[in-house]
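J.: Below is the structure I would like to discuss, written out as structure tokens.
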Amino acid sequence: MEWYKNLYLGENAAKKHYKILRRIRKKRLSNAYVITLPSNDENILDIYSYNELLWKHYDNRNLFIVGLACGKDEAVELTRDIIQDVYSSTGAFDVKKYVMSR
């Protein structure tokens with residue numbers, strides 16, 4: 001996993017992001033959701049429960065995490081905010097290009 005240096009944080013995740021990141025580093029279960037760059041060209045972003053990323057299936061996947069949220073609802077809101085930010089800045093929905101240029 002790679003982390004975006006300007007990581008987007010949901011409102012609740014911002015309050016306790018150090019605790020969440022510590023649990024992630026220790027590979028412990030968490031209610032965190034991560035927003036990643038898309039796994040295919042048809043998506044804008046992907047949302048994963050962090051607990052799902054503990055499965056062996058994800059060991060060899062190179063995920064680039066751009067956002068961190070507490071709970072699914074917050075993850076959806078944060079995804080909307082990221083897309084809105086990208087569109088406001090570029091006039092397009094190419095999140096991957098925007099993130100990689102920063």
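Following the order of the structure tokens, first chain is A, next is B, and so on, with residues numbered from 1 inside each chain and ligands from 1 in the order they appear.
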So which residues touch segment 16-25 of chain A within 8 Å, counting only C-alpha atoms, skipping near sequence neighbours fewer than 6 positions away, as a list in words?

T.: Leu9, Ala32 and Tyr50 of chain A

J.: Filtering to all heavy atoms, could you give me those residues as an mmCIF file, in the first residue's frame?

T.:
data_model
loop_
_atom_site.group_PDB
_atom_site.id
_atom_site.type_symbol
_atom_site.label_atom_id
_atom_site.label_comp_id
_atom_site.auth_asym_id
_atom_site.auth_seq_id
_atom_site.Cartn_x
_atom_site.Cartn_y
_atom_site.Cartn_z
ATOM 1 N N LEU A 9 -8.966 13.208 4.773
ATOM 2 C CA LEU A 9 -9.504 12.580 5.978
ATOM 3 C C LEU A 9 -10.959 12.966 6.163
ATOM 4 O O LEU A 9 -11.317 14.144 6.011
ATOM 5 C CB LEU A 9 -8.710 13.017 7.214
ATOM 6 C CG LEU A 9 -7.247 12.612 7.274
ATOM 7 C CD1 LEU A 9 -6.555 13.310 8.439
ATOM 8 C CD2 LEU A 9 -7.109 11.115 7.395
ATOM 9 N N ALA A 32 -12.217 1.465 9.898
ATOM 10 C CA ALA A 32 -11.768 2.416 8.887
ATOM 11 C C ALA A 32 -12.098 1.933 7.479
ATOM 12 O O ALA A 32 -12.131 0.728 7.196
ATOM 13 C CB ALA A 32 -10.269 2.639 9.010
ATOM 14 N N TYR A 50 -11.141 -1.347 5.461
ATOM 15 C CA TYR A 50 -9.770 -1.748 5.767
ATOM 16 C C TYR A 50 -9.696 -3.227 6.118
ATOM 17 O O TYR A 50 -8.754 -3.916 5.739
ATOM 18 C CB TYR A 50 -9.164 -0.903 6.895
ATOM 19 C CG TYR A 50 -7.845 -1.480 7.306
ATOM 20 C CD1 TYR A 50 -6.747 -1.376 6.469
ATOM 21 C CD2 TYR A 50 -7.713 -2.219 8.474
ATOM 22 C CE1 TYR A 50 -5.541 -1.966 6.789
ATOM 23 C CE2 TYR A 50 -6.514 -2.804 8.812
ATOM 24 C CZ TYR A 50 -5.438 -2.676 7.958
ATOM 25 O OH TYR A 50 -4.256 -3.281 8.277
#

J.: In chain A, what's alpha helix (DSSP H) per DSSP? Answer as a PyMOL selection string?

T.: chain A and resi 11-15+17-25+72-90+95-101

J.: Set out as CSV a contact list for segment 42-77 of chain A and segment 89-96 of chain A with a cut-off of 12 Å, giving each residue of segment 42-77 of chain A that qualifies its closest atom pair and distance in Å to one decimal, counting only C-alpha atoms, ordered by chain and rising residue number.

T.:
residue,atom,partner,partner_atom,distance
A:Glu42,CA,A:Asp94,CA,11.1
A:Asn43,CA,A:Val95,CA,10.0
A:Ile44,CA,A:Val95,CA,6.6
A:Leu45,CA,A:Val95,CA,7.6
A:Asp46,CA,A:Val95,CA,11.2
A:Phe64,CA,A:Lys96,CA,9.7
A:Ile65,CA,A:Lys96,CA,11.0
A:Val66,CA,A:Lys96,CA,9.7

J.: Selection from above, N, CA and C atoms, as a CSV table (one decimal), in the first residue's frame, can you write it?

T.:
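And here's selection-v4.csv as it stands now:
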chain,number,residue,atom,x,y,z
A,42,GLU,N,-12.7,2.3,-15.6
A,42,GLU,CA,-14.1,2.6,-15.5
A,42,GLU,C,-14.5,3.3,-14.2
A,43,ASN,N,-13.7,3.2,-13.2
A,43,ASN,CA,-14.0,3.8,-11.9
A,43,ASN,C,-13.3,5.1,-11.8
A,44,ILE,N,-13.9,6.0,-10.9
A,44,ILE,CA,-13.2,7.2,-10.5
A,44,ILE,C,-12.3,7.0,-9.3
A,45,LEU,N,-12.9,6.3,-8.3
A,45,LEU,CA,-12.2,5.9,-7.1
A,45,LEU,C,-12.8,4.6,-6.6
A,46,ASP,N,-12.1,3.9,-5.7
A,46,ASP,CA,-12.6,2.7,-5.1
A,46,ASP,C,-12.6,2.9,-3.6
A,64,PHE,N,-3.1,2.6,-4.0
A,64,PHE,CA,-2.6,3.9,-3.6
A,64,PHE,C,-3.8,4.6,-2.9
A,65,ILE,N,-3.6,4.8,-1.6
A,65,ILE,CA,-4.7,5.3,-0.7
A,65,ILE,C,-4.6,6.8,-0.7
A,66,VAL,N,-5.8,7.4,-1.1
A,66,VAL,CA,-5.9,8.9,-1.1
A,66,VAL,C,-6.8,9.4,0.0

J.: With only C-alpha atoms as the atoms that count, which of A:Val86, A:Cys70, A:Leu7, A:Leu54 lies nearest to Leu29 of chain A?

T.: A:Leu54

J.: Within 7 Å of Leu63 of chain A, counting only C-alpha atoms, which residues show up once you throw out same-chain ones fewer than 3 positions away? Write them as an MDAnalysis selection string, please.

T.: chainID A and resid 1:2 36

J.: With a distance cut-off of 7 Å and only C-alpha atoms, select the neighbouring residues of Leu68 of chain A, excluding the residue or stretch itself and same-chain residues fewer than 2 positions from it, and output the selection as JSON, numbers by chain.

T.: {"A": [8, 9, 10, 13, 32, 33, 34, 35]}

J.: Closest to Trp55 of chain A among A:Ser39, A:Tyr87, A:Lys72, A:Lys27, using only C-alpha atoms?

T.: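 Closest to Trp55 of chain A of all the choices is A:Lys27.
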
J.: Could you pull out the strand (DSSP E or B) residues of chain A from DSSP and send them as a compact mmCIF listing (two decimals) with all heavy atoms, in the first residue's frame?

T.:
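Writing the result to out16.txt gives the following:
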# COMPACT_ATOMS: atom_id res chain seq x y z
N GLU A 2 0.49 2.18 -0.80
CA GLU A 2 1.13 3.49 -0.80
C GLU A 2 0.10 4.51 -0.30
O GLU A 2 -1.09 4.35 -0.54
CB GLU A 2 1.57 3.89 -2.19
CG GLU A 2 2.75 3.12 -2.73
CD GLU A 2 3.14 3.66 -4.09
OE1 GLU A 2 3.60 4.82 -4.16
OE2 GLU A 2 2.96 2.93 -5.07
N TRP A 3 0.59 5.53 0.36
CA TRP A 3 -0.30 6.55 0.93
C TRP A 3 -0.02 7.89 0.27
O TRP A 3 1.13 8.30 0.11
CB TRP A 3 -0.06 6.67 2.43
CG TRP A 3 -0.48 5.45 3.18
CD1 TRP A 3 0.23 4.29 3.31
CD2 TRP A 3 -1.70 5.25 3.86
NE1 TRP A 3 -0.48 3.39 4.05
CE2 TRP A 3 -1.67 3.95 4.41
CE3 TRP A 3 -2.82 6.03 4.09
CZ2 TRP A 3 -2.71 3.42 5.15
CZ3 TRP A 3 -3.86 5.51 4.84
CH2 TRP A 3 -3.79 4.22 5.36
N TYR A 4 -1.07 8.59 -0.09
CA TYR A 4 -0.99 9.93 -0.65
C TYR A 4 -0.47 10.86 0.43
O TYR A 4 -0.96 10.84 1.56
CB TYR A 4 -2.39 10.33 -1.13
CG TYR A 4 -2.52 11.67 -1.80
CD1 TYR A 4 -1.58 12.12 -2.72
CD2 TYR A 4 -3.62 12.47 -1.53
CE1 TYR A 4 -1.73 13.33 -3.35
CE2 TYR A 4 -3.79 13.69 -2.17
CZ TYR A 4 -2.83 14.11 -3.07
OH TYR A 4 -3.00 15.33 -3.71
N LYS A 5 0.52 11.68 0.09
CA LYS A 5 1.09 12.55 1.12
C LYS A 5 0.12 13.62 1.61
O LYS A 5 0.24 14.11 2.72
CB LYS A 5 2.41 13.16 0.65
CG LYS A 5 2.27 14.21 -0.40
CD LYS A 5 3.62 14.83 -0.73
CE LYS A 5 3.43 15.97 -1.71
NZ LYS A 5 4.67 16.66 -1.97
N ASN A 6 -0.85 13.99 0.78
CA ASN A 6 -1.88 14.96 1.17
C ASN A 6 -3.19 14.22 1.44
O ASN A 6 -4.24 14.58 0.91
CB ASN A 6 -2.08 16.00 0.07
CG ASN A 6 -0.83 16.81 -0.19
OD1 ASN A 6 -0.15 17.20 0.74
ND2 ASN A 6 -0.52 17.04 -1.44
N LEU A 7 -3.11 13.21 2.26
CA LEU A 7 -4.23 12.30 2.53
C LEU A 7 -5.50 13.06 2.92
O LEU A 7 -5.48 13.95 3.76
CB LEU A 7 -3.84 11.36 3.67
CG LEU A 7 -4.79 10.23 4.01
CD1 LEU A 7 -4.85 9.22 2.87
CD2 LEU A 7 -4.33 9.54 5.29
N TYR A 8 -6.59 12.72 2.25
CA TYR A 8 -7.90 13.28 2.60
C TYR A 8 -8.42 12.50 3.82
O TYR A 8 -8.32 11.27 3.85
CB TYR A 8 -8.89 13.12 1.45
CG TYR A 8 -8.64 14.04 0.28
CD1 TYR A 8 -7.83 13.67 -0.77
CD2 TYR A 8 -9.25 15.29 0.23
CE1 TYR A 8 -7.62 14.50 -1.85
CE2 TYR A 8 -9.05 16.14 -0.84
CZ TYR A 8 -8.24 15.74 -1.88
OH TYR A 8 -8.04 16.58 -2.95
N LEU A 9 -8.97 13.21 4.77
CA LEU A 9 -9.50 12.58 5.98
C LEU A 9 -10.96 12.97 6.16
O LEU A 9 -11.32 14.14 6.01
CB LEU A 9 -8.71 13.02 7.21
CG LEU A 9 -7.25 12.61 7.27
CD1 LEU A 9 -6.55 13.31 8.44
CD2 LEU A 9 -7.11 11.12 7.40
N ALA A 32 -12.22 1.47 9.90
CA ALA A 32 -11.77 2.42 8.89
C ALA A 32 -12.10 1.93 7.48
O ALA A 32 -12.13 0.73 7.20
CB ALA A 32 -10.27 2.64 9.01
N TYR A 33 -12.33 2.91 6.63
CA TYR A 33 -12.50 2.67 5.20
C TYR A 33 -11.43 3.48 4.49
O TYR A 33 -11.09 4.58 4.93
CB TYR A 33 -13.88 3.12 4.72
CG TYR A 33 -14.95 2.09 4.97
CD1 TYR A 33 -15.44 1.87 6.24
CD2 TYR A 33 -15.45 1.33 3.93
CE1 TYR A 33 -16.42 0.92 6.48
CE2 TYR A 33 -16.44 0.37 4.15
CZ TYR A 33 -16.91 0.18 5.43
OH TYR A 33 -17.87 -0.78 5.65
N VAL A 34 -10.88 2.92 3.43
CA VAL A 34 -9.87 3.64 2.66
C VAL A 34 -10.42 3.90 1.26
O VAL A 34 -11.15 3.08 0.70
CB VAL A 34 -8.53 2.87 2.59
CG1 VAL A 34 -7.89 2.77 3.95
CG2 VAL A 34 -8.68 1.50 1.98
N ILE A 35 -10.06 5.04 0.73
CA ILE A 35 -10.43 5.40 -0.63
C ILE A 35 -9.14 5.34 -1.43
O ILE A 35 -8.13 5.94 -1.05
CB ILE A 35 -11.07 6.81 -0.69
CG1 ILE A 35 -12.40 6.80 0.07
CG2 ILE A 35 -11.32 7.23 -2.12
CD1 ILE A 35 -12.40 7.57 1.31
N THR A 36 -9.17 4.59 -2.52
CA THR A 36 -7.97 4.38 -3.32
C THR A 36 -8.18 4.86 -4.74
O THR A 36 -9.31 5.04 -5.19
CB THR A 36 -7.58 2.89 -3.36
OG1 THR A 36 -8.56 2.16 -4.11
CG2 THR A 36 -7.44 2.31 -1.98
N ASP A 46 -12.05 3.93 -5.71
CA ASP A 46 -12.56 2.71 -5.09
C ASP A 46 -12.63 2.91 -3.58
O ASP A 46 -11.78 3.60 -3.00
CB ASP A 46 -11.65 1.51 -5.38
CG ASP A 46 -11.65 1.09 -6.83
OD1 ASP A 46 -12.64 1.36 -7.54
OD2 ASP A 46 -10.66 0.48 -7.27
N ILE A 47 -13.62 2.29 -2.96
CA ILE A 47 -13.77 2.34 -1.50
C ILE A 47 -13.65 0.92 -0.97
O ILE A 47 -14.32 0.02 -1.46
CB ILE A 47 -15.14 2.92 -1.09
CG1 ILE A 47 -15.32 4.34 -1.62
CG2 ILE A 47 -15.30 2.89 0.43
CD1 ILE A 47 -16.70 4.91 -1.39
N TYR A 48 -12.78 0.73 0.02
CA TYR A 48 -12.60 -0.58 0.65
C TYR A 48 -12.72 -0.45 2.16
O TYR A 48 -12.20 0.51 2.74
CB TYR A 48 -11.19 -1.14 0.38
CG TYR A 48 -10.87 -1.44 -1.04
CD1 TYR A 48 -10.17 -0.53 -1.83
CD2 TYR A 48 -11.23 -2.66 -1.61
CE1 TYR A 48 -9.85 -0.81 -3.14
CE2 TYR A 48 -10.91 -2.95 -2.92
CZ TYR A 48 -10.22 -2.02 -3.68
OH TYR A 48 -9.90 -2.31 -4.99
N SER A 49 -13.33 -1.43 2.77
CA SER A 49 -13.23 -1.54 4.22
C SER A 49 -11.80 -1.98 4.50
O SER A 49 -11.27 -2.88 3.83
CB SER A 49 -14.20 -2.61 4.73
OG SER A 49 -13.87 -2.97 6.05
N PHE A 64 -3.08 2.56 -3.96
CA PHE A 64 -2.64 3.91 -3.63
C PHE A 64 -3.78 4.59 -2.89
O PHE A 64 -4.80 4.91 -3.48
CB PHE A 64 -2.26 4.67 -4.90
CG PHE A 64 -1.56 5.96 -4.61
CD1 PHE A 64 -0.18 5.99 -4.47
CD2 PHE A 64 -2.26 7.14 -4.49
CE1 PHE A 64 0.49 7.18 -4.20
CE2 PHE A 64 -1.62 8.35 -4.22
CZ PHE A 64 -0.24 8.36 -4.08
N ILE A 65 -3.61 4.77 -1.59
CA ILE A 65 -4.67 5.29 -0.73
C ILE A 65 -4.63 6.82 -0.71
O ILE A 65 -3.61 7.42 -0.40
CB ILE A 65 -4.54 4.73 0.69
CG1 ILE A 65 -4.67 3.20 0.64
CG2 ILE A 65 -5.57 5.34 1.62
CD1 ILE A 65 -4.34 2.50 1.92
N VAL A 66 -5.79 7.42 -1.07
CA VAL A 66 -5.88 8.87 -1.10
C VAL A 66 -6.77 9.41 0.01
O VAL A 66 -6.75 10.61 0.29
CB VAL A 66 -6.38 9.39 -2.48
CG1 VAL A 66 -5.38 9.05 -3.56
CG2 VAL A 66 -7.74 8.86 -2.81
N GLY A 67 -7.57 8.55 0.64
CA GLY A 67 -8.48 9.02 1.68
C GLY A 67 -8.70 7.98 2.76
O GLY A 67 -8.57 6.79 2.53
N LEU A 68 -9.04 8.47 3.96
CA LEU A 68 -9.28 7.61 5.12
C LEU A 68 -10.53 8.11 5.83
O LEU A 68 -10.67 9.31 6.09
CB LEU A 68 -8.07 7.68 6.06
CG LEU A 68 -8.06 6.83 7.31
CD1 LEU A 68 -8.07 5.34 6.94
CD2 LEU A 68 -6.83 7.15 8.14
N ALA A 69 -11.43 7.18 6.13
CA ALA A 69 -12.70 7.55 6.75
C ALA A 69 -13.08 6.54 7.83
O ALA A 69 -12.61 5.40 7.82
CB ALA A 69 -13.81 7.60 5.70
N CYS A 70 -13.92 6.97 8.75
CA CYS A 70 -14.49 6.08 9.78
C CYS A 70 -15.91 5.74 9.35
O CYS A 70 -16.79 6.60 9.39
CB CYS A 70 -14.51 6.77 11.14
SG CYS A 70 -12.91 6.93 11.89

J.: Could you tell me how far atom CA of Tyr98 of chain A lies from atom CA of Glu11 of chain A, in Å and to one decimal?

T.: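 Spanning atom CA of Tyr98 of chain A to atom CA of Glu11 of chain A is a straight-line distance of 22.3 Å.
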
J.: Calculate how many Å separate atom CA of Ala14 of chain A from atom CA of Val99 of chain A, rounding to one decimal.

T.: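 Answer for the atom CA of Ala14 of chain A to atom CA of Val99 of chain A separation: 19.7 Å.
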